[in-house]
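**Student:** Coordinates in coords25.cif, mmCIF, C-alpha atoms, are listed below.
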```cif
data_input
loop_
_atom_site.label_atom_id
_atom_site.label_comp_id
_atom_site.auth_asym_id
_atom_site.auth_seq_id
_atom_site.Cartn_x
_atom_site.Cartn_y
_atom_site.Cartn_z
CA MET A 14 103.38 224.49 204.27
CA SER A 15 104.31 222.41 201.25
CA TYR A 16 102.93 218.95 200.50
CA GLN A 17 106.20 217.19 201.39
CA VAL A 18 106.55 218.98 204.73
CA ALA A 19 102.90 218.42 205.63
CA LYS A 20 103.19 214.72 204.72
CA THR A 21 106.31 214.35 206.88
CA VAL A 22 104.64 216.07 209.84
CA THR A 23 101.69 213.69 209.47
CA ASN A 24 104.04 210.68 209.47
CA ILE A 25 105.82 211.96 212.59
CA PHE A 26 102.46 212.46 214.28
CA SER A 27 101.16 208.96 213.48
CA GLY A 28 104.48 207.30 214.44
CA THR A 29 104.66 209.18 217.74
CA ALA A 30 101.01 208.43 218.51
CA VAL A 31 101.43 204.66 217.98
CA LEU A 32 104.66 204.59 220.01
CA GLY A 33 103.05 206.61 222.81
CA VAL A 34 100.00 204.36 222.95
CA TYR A 35 102.22 201.25 222.92
CA LEU A 36 104.39 202.56 225.78
CA PHE A 37 101.33 203.50 227.83
CA TYR A 38 99.53 200.21 227.14
CA ALA A 39 102.56 197.96 227.72
CA SER A 40 103.70 199.73 230.88
CA SER A 41 100.21 199.83 232.40
CA ARG A 42 99.71 196.09 231.68
CA TYR A 43 103.16 195.31 233.07
CA GLN A 44 102.50 197.31 236.25
CA ALA A 45 99.12 195.63 236.66
CA GLY A 46 100.88 192.27 236.53
CA LEU A 47 99.14 191.16 233.33
CA LEU A 48 102.48 190.88 231.52
CA VAL A 49 105.29 188.87 233.04
CA MET A 50 108.98 189.35 232.33
CA ASP A 51 109.59 185.83 231.02
CA ASP A 52 106.41 185.57 228.99
CA LEU A 53 107.95 186.56 225.67
CA LYS A 54 104.99 185.14 223.77
CA SER A 55 102.67 187.78 225.29
CA TRP A 56 105.15 190.55 224.54
CA ALA A 57 105.47 189.32 220.96
CA GLN A 58 101.68 189.22 220.67
CA ILE A 59 101.32 192.83 221.86
CA MET A 60 104.09 193.99 219.54
CA LEU A 61 102.53 192.21 216.57
CA ILE A 62 99.16 193.81 217.36
CA PHE A 63 100.79 197.23 217.55
CA ILE A 64 102.64 196.67 214.27
CA GLY A 65 99.25 195.98 212.71
CA ILE A 66 97.75 199.06 214.37
CA GLY A 67 100.72 201.13 213.20
CA ILE A 68 100.30 200.05 209.56
CA ALA A 69 96.52 200.58 209.64
CA MET A 70 96.92 203.97 211.30
CA ALA A 71 99.57 205.07 208.79
CA ILE A 72 97.23 204.17 205.91
CA VAL A 73 94.18 205.85 207.45
CA VAL A 74 96.12 208.98 208.44
CA GLN A 75 97.61 209.24 204.92
CA ILE A 76 94.17 208.92 203.32
CA ILE A 77 92.71 211.57 205.63
CA PHE A 78 95.74 213.80 205.07
CA HIS A 79 95.44 213.56 201.27
CA ILE A 80 91.72 214.35 201.38
CA LEU A 81 92.21 217.36 203.68
CA PHE A 82 95.24 218.60 201.75
CA SER A 83 93.36 218.34 198.45
CA ILE A 84 90.38 220.23 199.92
CA GLY A 85 92.74 222.90 201.26
CA LEU A 86 94.39 223.30 197.86
CA ALA A 87 91.03 223.44 196.11
CA VAL A 88 89.79 226.16 198.46
CA LYS A 89 93.03 228.12 198.05
CA GLN A 90 92.85 227.78 194.26
CA SER A 91 89.21 228.86 194.09
CA ILE A 92 89.90 231.90 196.29
CA LYS A 93 92.96 232.81 194.20
CA SER A 94 91.38 232.44 190.77
CA GLY A 95 87.84 233.31 191.79
CA ASN A 96 86.23 230.24 190.20
CA CYS A 97 85.87 226.56 190.98
CA ASN A 98 87.12 224.97 187.77
CA ASP A 99 87.64 221.26 188.53
CA GLN A 100 90.37 220.88 185.92
CA ASP A 101 92.40 223.78 187.35
CA ILE A 102 92.03 222.43 190.87
CA GLU A 103 93.06 218.92 189.77
CA ARG A 104 96.08 220.36 187.96
CA THR A 105 97.14 222.32 191.07
CA ILE A 106 96.79 219.24 193.27
CA LYS A 107 98.88 217.16 190.84
CA LEU A 108 101.57 219.84 190.67
CA GLU A 109 101.79 220.25 194.41
CA MET A 110 101.98 216.52 195.09
CA VAL A 111 104.79 215.76 192.63
CA GLU A 112 107.71 213.75 194.06
CA ASP A 113 110.99 214.84 192.53
CA GLU A 114 114.75 214.30 192.83
CA MET A 115 115.19 216.57 195.85
CA GLY A 116 112.44 214.74 197.72
CA LYS A 117 114.01 211.38 196.88
CA LEU A 118 117.46 212.56 197.96
CA ILE A 119 116.11 213.85 201.26
CA GLU A 120 114.25 210.58 201.76
CA LEU A 121 117.44 208.58 201.17
CA LYS A 122 119.48 210.72 203.56
CA ALA A 123 116.81 210.47 206.26
CA MET A 124 116.51 206.71 205.73
CA ARG A 125 120.24 206.33 206.36
CA ILE A 126 119.84 207.98 209.77
CA SER A 127 116.83 205.77 210.41
CA TYR A 128 118.87 202.61 209.65
CA ILE A 129 121.63 203.80 211.97
CA THR A 130 119.08 204.31 214.78
CA VAL A 131 117.68 200.81 214.29
CA GLY A 132 121.24 199.43 214.19
CA VAL A 133 122.12 201.20 217.45
CA GLY A 134 118.92 199.81 219.00
CA PHE A 135 119.85 196.29 217.88
CA VAL A 136 123.35 196.56 219.33
CA ALA A 137 121.95 198.07 222.54
CA SER A 138 119.54 195.13 222.89
CA LEU A 139 122.42 192.66 222.41
CA VAL A 140 124.49 194.51 225.02
CA LEU A 141 121.55 194.33 227.44
CA LEU A 142 121.25 190.57 226.88
CA PHE A 143 124.99 190.18 227.38
CA PHE A 144 124.75 191.94 230.76
CA ASP A 145 121.96 189.57 231.86
CA TYR A 146 119.07 192.00 231.56
CA PRO A 147 115.70 190.32 231.00
CA ALA A 148 114.96 189.41 227.39
CA PHE A 149 111.74 191.47 227.32
CA ILE A 150 113.76 194.66 227.91
CA ALA A 151 116.02 193.84 224.96
CA LEU A 152 112.95 193.09 222.84
CA ASN A 153 111.37 196.41 223.82
CA VAL A 154 114.55 198.35 223.11
CA LEU A 155 114.65 196.78 219.65
CA TYR A 156 110.96 197.49 219.04
CA ILE A 157 111.16 201.09 220.27
CA SER A 158 114.29 201.71 218.17
CA PHE A 159 112.28 200.87 215.03
CA TYR A 160 109.66 203.48 215.90
CA THR A 161 112.29 205.99 217.01
CA GLY A 162 114.08 205.46 213.69
CA GLY A 163 110.85 206.19 211.84
CA ILE A 164 110.14 209.34 213.86
CA LEU A 165 113.75 210.52 213.53
CA ASP A 166 113.49 209.92 209.79
CA GLY A 167 110.67 212.46 209.72
CA PHE A 168 112.57 215.06 211.72
CA ILE A 169 115.65 214.66 209.52
CA GLN A 170 113.45 215.17 206.45
CA LEU A 171 112.00 218.35 207.97
CA TYR A 172 115.53 219.57 208.71
CA TYR A 173 116.68 218.99 205.12
CA TYR A 174 113.56 220.63 203.68
CA LYS A 175 114.26 223.70 205.81
CA LYS A 176 118.03 223.92 205.54
CA GLY A 177 118.50 222.44 202.08
CA VAL A 178 120.48 219.43 200.86
CA MET B 29 144.25 229.42 202.10
CA GLY B 30 141.57 226.85 201.21
CA LYS B 31 139.32 227.01 198.18
CA LYS B 32 135.61 226.44 198.19
CA PHE B 33 133.33 226.02 195.22
CA GLU B 34 129.78 227.23 194.93
CA ILE B 35 127.04 227.07 192.38
CA THR B 36 125.05 230.25 191.96
CA ASN B 37 122.04 230.84 189.76
CA ASN B 38 120.12 233.56 187.96
CA ILE B 39 116.70 231.98 188.26
CA ARG B 40 115.11 234.99 189.99
CA LYS B 41 116.40 237.33 187.29
CA LEU B 42 115.36 234.97 184.50
CA ARG B 43 111.88 234.62 185.98
CA PHE B 44 111.58 238.40 186.10
CA PHE B 45 112.53 238.73 182.45
CA ALA B 46 110.20 235.85 181.51
CA ASP B 47 107.19 238.06 182.19
CA GLU B 48 107.49 237.54 185.98
CA MET B 49 107.10 233.80 185.69
CA THR B 50 105.97 232.32 189.02
CA GLN B 51 107.88 229.58 190.84
CA GLN B 52 104.86 227.34 190.35
CA GLN B 53 104.95 227.88 186.58
CA LEU B 54 108.67 227.14 186.45
CA ALA B 55 108.15 224.04 188.59
CA GLU B 56 105.48 222.88 186.17
CA LYS B 57 107.75 223.41 183.17
CA ALA B 58 110.71 221.66 184.82
CA GLY B 59 108.57 218.82 186.17
CA VAL B 60 109.46 219.31 189.83
CA SER B 61 107.74 220.63 192.93
CA ARG B 62 107.61 224.31 193.85
CA GLN B 63 109.56 223.42 197.00
CA THR B 64 112.49 222.26 194.84
CA ILE B 65 112.45 225.45 192.76
CA ILE B 66 112.45 227.53 195.97
CA ALA B 67 115.43 225.51 197.29
CA ILE B 68 117.39 225.84 194.02
CA GLU B 69 116.66 229.57 193.74
CA GLY B 70 117.77 230.09 197.35
CA GLY B 71 120.99 228.15 196.75
CA LYS B 72 119.95 225.43 199.19
CA TYR B 73 119.97 222.63 196.64
CA SER B 74 122.16 221.95 193.63
CA PRO B 75 120.06 220.25 190.97
CA SER B 76 121.11 217.25 188.89
CA LEU B 77 122.46 217.91 185.42
CA GLU B 78 119.18 216.76 183.89
CA LEU B 79 117.11 219.13 186.02
CA ALA B 80 119.54 221.97 185.35
CA PHE B 81 119.02 221.40 181.60
CA ARG B 82 115.25 221.30 182.05
CA ILE B 83 115.29 224.62 183.93
CA ALA B 84 117.51 226.19 181.26
CA HIS B 85 115.16 224.82 178.59
CA ALA B 86 112.18 226.34 180.40
CA PHE B 87 113.79 229.77 180.02
CA GLY B 88 115.04 229.04 176.50
CA VAL B 89 118.67 229.73 177.40
CA GLN B 90 121.90 227.73 177.68
CA ILE B 91 122.67 226.06 181.00
CA ALA B 92 125.53 228.52 181.64
CA GLY B 93 122.97 231.32 181.43
CA VAL B 94 121.19 229.93 184.46
CA PHE B 95 123.93 228.45 186.61
CA ASP B 96 127.40 229.67 187.41
CA TYR B 97 130.20 227.70 189.03
CA ARG B 98 132.72 229.79 190.91
CA VAL B 99 135.61 229.44 193.31
CA VAL B 100 135.40 231.37 196.55
CA GLU B 101 138.23 231.91 198.98
CA ASN B 102 137.75 230.09 202.27
CA LYS B 103 139.07 232.58 204.81
CA LYS B 104 138.58 230.24 207.77
CA ASN B 105 141.45 228.04 206.61
CA SER B 106 143.86 230.92 206.06
#
```
As structure tokens, what does this structure read like?

**Tutor:**
Amino acid sequence: MSYQVAKTVTNIFSGTAVLGVYLFYASSRYQAGLLVMDDLKSWAQIMLIFIGIGIAMAIVVQIIFHILFSIGLAVKQSIKSGNCNDQDIERTIKLEMVEDEMGKLIELKAMRISYITVGVGFVASLVLLFFDYPAFIALNVLYISFYTGGILDGFIQLYYYKKGV
Amino acid sequence: MGKKFEITNNIRKLRFFADEMTQQQLAEKAGVSRQTIIAIEGGKYSPSLELAFRIAHAFGVQIAGVFDYRVVENKKNS
């Protein structure tokens, strides 16, 4: 698995995990009666907390991923060449982690799909408000569409890395 | 009958004649990732003009020696 693919899989994993935890937490609190439909302030508070958790988790997961990936490369390099030359290992890590034009193009294409998903979520939330659905549902649809866009972005990237651009 | 264009390349052959240069070595010389070299070699990605020149330079040949642009008949539209 290449660096780009592994990084994308990690992003999908962290995005899905945060979304899953949010859905579980919000629905369990709602069912327990701790969150009321009209109390948008509480919903906003939970969403803000989860945005913070999402950012922190993305950073932590990326750091852990880079450490593990570097260790994996170092082990592979030392097995391949038979020695543990730090300079060789550093060079291999640098080469593997290079971001080039194909990566940027794939990122742009995936981002376009991600924007479309968020746009669809926004329109869907407006439609829900228009048809007199509670505001918290519209807010959740909008919030979930952001995460879905991010996760979809990852899957689109994986698709382009496999099938080509 | 419709016409379709495709870009083919001789990277595998050129690597063989360059003392069996590895994809990693070529990637290093061209300043891209190995993943990109694999995609170009497999015809899954058409590189930018700049990258095409860098790959040609890595082999010490002209760009036309690496890439070929040809017209193929599209039988589906016939």

**Student:** What residues in chain A have any atom no more than 9 Å from chain B when counting all atoms listed in the file, and can you write them as a PyMOL selection string?

**Tutor:** chain A and resi 15-17+108-116+174-178

**Student:** Which residues, named as in the file, does the PyMOL selection byres ((chain B and resi 92) around 12) pick out? Answer as a PDB file with C-alpha atoms, keeping the file's coordinate frame.

**Tutor:**
```pdb
ATOM      1  CA  ILE B  35     127.040 227.070 192.380  1.00  0.00           C
ATOM      2  CA  THR B  36     125.050 230.250 191.960  1.00  0.00           C
ATOM      3  CA  ASN B  37     122.040 230.840 189.760  1.00  0.00           C
ATOM      4  CA  ASN B  38     120.120 233.560 187.960  1.00  0.00           C
ATOM      5  CA  ILE B  39     116.700 231.980 188.260  1.00  0.00           C
ATOM      6  CA  LEU B  77     122.460 217.910 185.420  1.00  0.00           C
ATOM      7  CA  ALA B  80     119.540 221.970 185.350  1.00  0.00           C
ATOM      8  CA  PHE B  81     119.020 221.400 181.600  1.00  0.00           C
ATOM      9  CA  ILE B  83     115.290 224.620 183.930  1.00  0.00           C
ATOM     10  CA  ALA B  84     117.510 226.190 181.260  1.00  0.00           C
ATOM     11  CA  HIS B  85     115.160 224.820 178.590  1.00  0.00           C
ATOM     12  CA  PHE B  87     113.790 229.770 180.020  1.00  0.00           C
ATOM     13  CA  GLY B  88     115.040 229.040 176.500  1.00  0.00           C
ATOM     14  CA  VAL B  89     118.670 229.730 177.400  1.00  0.00           C
ATOM     15  CA  GLN B  90     121.900 227.730 177.680  1.00  0.00           C
ATOM     16  CA  ILE B  91     122.670 226.060 181.000  1.00  0.00           C
ATOM     17  CA  GLY B  93     122.970 231.320 181.430  1.00  0.00           C
ATOM     18  CA  VAL B  94     121.190 229.930 184.460  1.00  0.00           C
ATOM     19  CA  PHE B  95     123.930 228.450 186.610  1.00  0.00           C
ATOM     20  CA  ASP B  96     127.400 229.670 187.410  1.00  0.00           C
ATOM     21  CA  TYR B  97     130.200 227.700 189.030  1.00  0.00           C
ATOM     22  CA  ARG B  98     132.720 229.790 190.910  1.00  0.00           C
TER      23      ARG B  98
END
```

**Student:** Arg125 of chain A: which residues within 12 Å, counting all atoms listed in the file, same-chain residues fewer than 5 positions away excluded, as a list in words?

**Tutor:**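 The filter keeps Leu118, Ile119, Glu120, Thr130, Val131, Gly132, Gly162, Gly163, Leu165, Asp166, Gly167, Ile169 and Gln170 of chain A.
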
**Student:** Suppose you want the space between atom CA of Ala151 of chain A and atom CA of Trp56 of chain A; what is it in Å?

**Tutor:**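 Here the two named atoms are 11.4 Å from each other.
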
**Student:** Atom CA of Gln90 of chain A and atom CA of Ile102 of chain A are how many Å apart?

**Tutor:**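 Computing it gives 6.4 Å between the two atoms.
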
**Student:** For a quick check of understanding, using all atoms listed in the file, which of B:Glu69, B:Glu101, B:Phe45, B:Ala58 has the smallest distance to Ala86 of chain B?

**Tutor:** B:Ala58

**Student:** Just the number, please: distance in Å from atom CA of Leu139 of chain A to atom CA of Thr29 of chain A, one decimal.

**Tutor:**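 Taking atom CA of Leu139 of chain A as the start and atom CA of Thr29 of chain A as the end point, the length is 24.7 Å.
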
**Student:** Counting only C-alpha atoms, which residue out of A:Phe37, A:Phe159, A:Tyr173, A:Ile64 sits closest to Leu121 of chain A?

**Tutor:** A:Tyr173

**Student:** For Leu81 of chain A, find every residue with an atom within 12 Å (counting only C-alpha atoms), except residues of its own chain fewer than 5 positions away, and show them as a PDB file with C-alpha atoms, keeping the file's coordinate frame.

**Tutor:**
```
ATOM      1  CA  TYR A  16     102.930 218.950 200.500  1.00  0.00           C
ATOM      2  CA  ALA A  19     102.900 218.420 205.630  1.00  0.00           C
ATOM      3  CA  LYS A  20     103.190 214.720 204.720  1.00  0.00           C
ATOM      4  CA  THR A  23     101.690 213.690 209.470  1.00  0.00           C
ATOM      5  CA  VAL A  74      96.120 208.980 208.440  1.00  0.00           C
ATOM      6  CA  GLN A  75      97.610 209.240 204.920  1.00  0.00           C
ATOM      7  CA  ILE A  76      94.170 208.920 203.320  1.00  0.00           C
ATOM      8  CA  LEU A  86      94.390 223.300 197.860  1.00  0.00           C
ATOM      9  CA  ALA A  87      91.030 223.440 196.110  1.00  0.00           C
ATOM     10  CA  VAL A  88      89.790 226.160 198.460  1.00  0.00           C
ATOM     11  CA  ILE A 106      96.790 219.240 193.270  1.00  0.00           C
TER      12      ILE A 106
END
```

**Student:** Point out the residue among A:Phe135, A:Phe82, A:Tyr128, A:Phe168 with the least atom-to-atom distance to Asn153 of chain A, counting all atoms listed in the file.

**Tutor:**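 Nearest to Asn153 of chain A: A:Phe135.
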
**Student:** Can you rebuild segment 39-60 of chain A with N, CA and C atoms and give it as a tab-separated table (two decimals), in the frame of the given file?

**Tutor:**
```
chain	number	residue	atom	x	y	z
A	39	ALA	N	101.65	199.01	227.24
A	39	ALA	CA	102.56	197.96	227.72
A	39	ALA	C	102.95	198.21	229.18
A	40	SER	N	103.26	199.46	229.51
A	40	SER	CA	103.70	199.73	230.88
A	40	SER	C	102.55	199.56	231.88
A	41	SER	N	101.34	199.98	231.47
A	41	SER	CA	100.21	199.83	232.40
A	41	SER	C	99.88	198.34	232.60
A	42	ARG	N	99.98	197.54	231.55
A	42	ARG	CA	99.71	196.09	231.68
A	42	ARG	C	100.79	195.41	232.52
A	43	TYR	N	102.03	195.89	232.32
A	43	TYR	CA	103.16	195.31	233.07
A	43	TYR	C	103.01	195.63	234.56
A	44	GLN	N	102.66	196.89	234.84
A	44	GLN	CA	102.50	197.31	236.25
A	44	GLN	C	101.31	196.62	236.91
A	45	ALA	N	100.30	196.32	236.10
A	45	ALA	CA	99.12	195.63	236.66
A	45	ALA	C	99.37	194.13	236.84
A	46	GLY	N	100.52	193.68	236.38
A	46	GLY	CA	100.88	192.27	236.53
A	46	GLY	C	100.30	191.37	235.46
A	47	LEU	N	99.73	191.97	234.41
A	47	LEU	CA	99.14	191.16	233.33
A	47	LEU	C	100.20	190.67	232.35
A	48	LEU	N	101.36	191.32	232.38
A	48	LEU	CA	102.48	190.88	231.52
A	48	LEU	C	103.64	190.50	232.43
A	49	VAL	N	104.17	189.33	232.21
A	49	VAL	CA	105.29	188.87	233.04
A	49	VAL	C	106.59	189.00	232.24
A	50	MET	N	107.68	189.15	232.97
A	50	MET	CA	108.98	189.35	232.33
A	50	MET	C	109.32	188.21	231.36
A	51	ASP	N	109.13	186.99	231.82
A	51	ASP	CA	109.59	185.83	231.02
A	51	ASP	C	108.61	185.40	229.92
A	52	ASP	N	107.42	185.97	229.97
A	52	ASP	CA	106.41	185.57	228.99
A	52	ASP	C	106.62	186.32	227.66
A	53	LEU	N	107.61	185.87	226.93
A	53	LEU	CA	107.95	186.56	225.67
A	53	LEU	C	106.85	186.43	224.62
A	54	LYS	N	106.08	185.36	224.74
A	54	LYS	CA	104.99	185.14	223.77
A	54	LYS	C	103.96	186.28	223.86
A	55	SER	N	103.63	186.68	225.11
A	55	SER	CA	102.67	187.78	225.29
A	55	SER	C	103.23	189.10	224.78
A	56	TRP	N	104.52	189.32	225.04
A	56	TRP	CA	105.15	190.55	224.54
A	56	TRP	C	105.13	190.57	223.02
A	57	ALA	N	105.45	189.42	222.44
A	57	ALA	CA	105.47	189.32	220.96
A	57	ALA	C	104.06	189.57	220.41
A	58	GLN	N	103.07	189.05	221.12
A	58	GLN	CA	101.68	189.22	220.67
A	58	GLN	C	101.30	190.71	220.67
A	59	ILE	N	101.64	191.40	221.78
A	59	ILE	CA	101.32	192.83	221.86
A	59	ILE	C	102.04	193.61	220.76
A	60	MET	N	103.32	193.27	220.57
A	60	MET	CA	104.09	193.99	219.54
A	60	MET	C	103.52	193.75	218.15
```
